[in-house]
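Take a look at the structure below.
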Amino acid sequence: MCCTLLFLFTSCSISYKFNGANINYQTTHSISIADFPNNAPLVNPTLSNNLSEGIRDLYQRQTRLQILRKGGDLELEGEIVGYDITQGAIGADSYASESKLTIRVNVHFTNNINPEDSFDKTYSASQTFDASRLLTDVQDELCAIIIQEIAENIYNDTVAKW
């Protein structure tokens, strides 16, 4: 009986992956992630580097793909095309009580292993903040949240296939 139980526990295993990646590592070994230049009319000087590194970091943590600057089995490139601040809700005093920061990124994804999975898409995310606060006081925190959301959406569309 002990031998039977031992055999069952060693021969049957269930594997769960919580990163959501749907990658065939036998054929796909690398991803190249180019820098995302900031071509938005309103420029945050650190946004380009923070977005590019945020995307690279997510793929580094969630996959076994080698991260390259160019020439990968998967290629990810794009540009920041929008960094906009808009006024939101109006308070009782007829002044804006909320402002919203929105970032838009054009992405070109090329899958050199399965070309039918390649695409061009625009990603957008935004965060609201109290209009009485200056953007310079909150933009680092808001940009970090927005970058994470955009990076996760890109990741989901490219390798998680959600």
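By order of appearance in the structure tokens: chains A, B, ..., then residues from 1 within every chain, and ligands from 1 in the order shown.
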
If we count only C-alpha atoms, what is near Gly54 in chain A at a cut-off of 7 Å, once residues fewer than 6 positions away on the same chain are taken out, given as a list of chain:residue names?
-> A:Ile147, A:Gln148, A:Ala151

Neighbours of range 79-86 of chain A within 6 Å (only C-alpha atoms; same-chain residues fewer than 6 positions away dropped), as a PyMOL selection string?
-> chain A and resi 36-40+42+99-106

Please report, as an MDAnalysis selection string, each residue of chain A to which DSSP assigns strand (DSSP E) when run on this structure's backbone.
-> chainID A and resid 30:33 66:68 74:87 98:111 119:130

Contact residues around Asn156 in chain A with only C-alpha atoms at 12 Å, ignoring same-chain residues under 2 positions, as an MDAnalysis selection string | chainID A and resid 19:23 55 58:59 62 123 149:154 158:162

Shell around Phe109 in chain A at 8 Å using only C-alpha atoms, local window under 3 positions removed, as a ChimeraX atom specification = /A:74-77,118-120,158

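With only C-alpha atoms as the atoms that count, the minimum distance from Asn111 in chain A to the choices A:Ser97, A:Asp73, A:Thr27, A:Gln66 is reached by A:Asp73.
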
Residues within 8 Å of His29 in chain A, only C-alpha atoms, excluding chain neighbours under 3 positions, as a PyMOL selection string | chain A and resi 25-26+64-66+72-73

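Atom pair CA of His108 in chain A / CA of Ser32 in chain A: separated by 11.7 Å.
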
Just give me the gap between CA of Asn114 in chain A and CA of Asn24 in chain A in Å, one decimal is fine.
-> 10.9 Å

From the set A:Ser124, A:Asn112, A:Ile31, A:Asp130, which residue has the shortest atom-to-atom contact distance to Glu98 in chain A, counting only C-alpha atoms?
-> A:Asp130

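The shortest atom-to-atom distance to Pro45 in chain A, with only C-alpha atoms taken into account, belongs to A:Asp140 out of A:Asp117, A:Ile146, A:Ile67, A:Asp140.
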
Coordinates-based distance that separates CA of Asn49 in chain A from CA of Gln127 in chain A (Å, one decimal) | 19.7 Å

Run DSSP on the backbone and give me the residues of chain A it puts in helix (DSSP H, G or I), as a ChimeraX atom specification.
-> /A:2-11,47-62,115-117,135-160
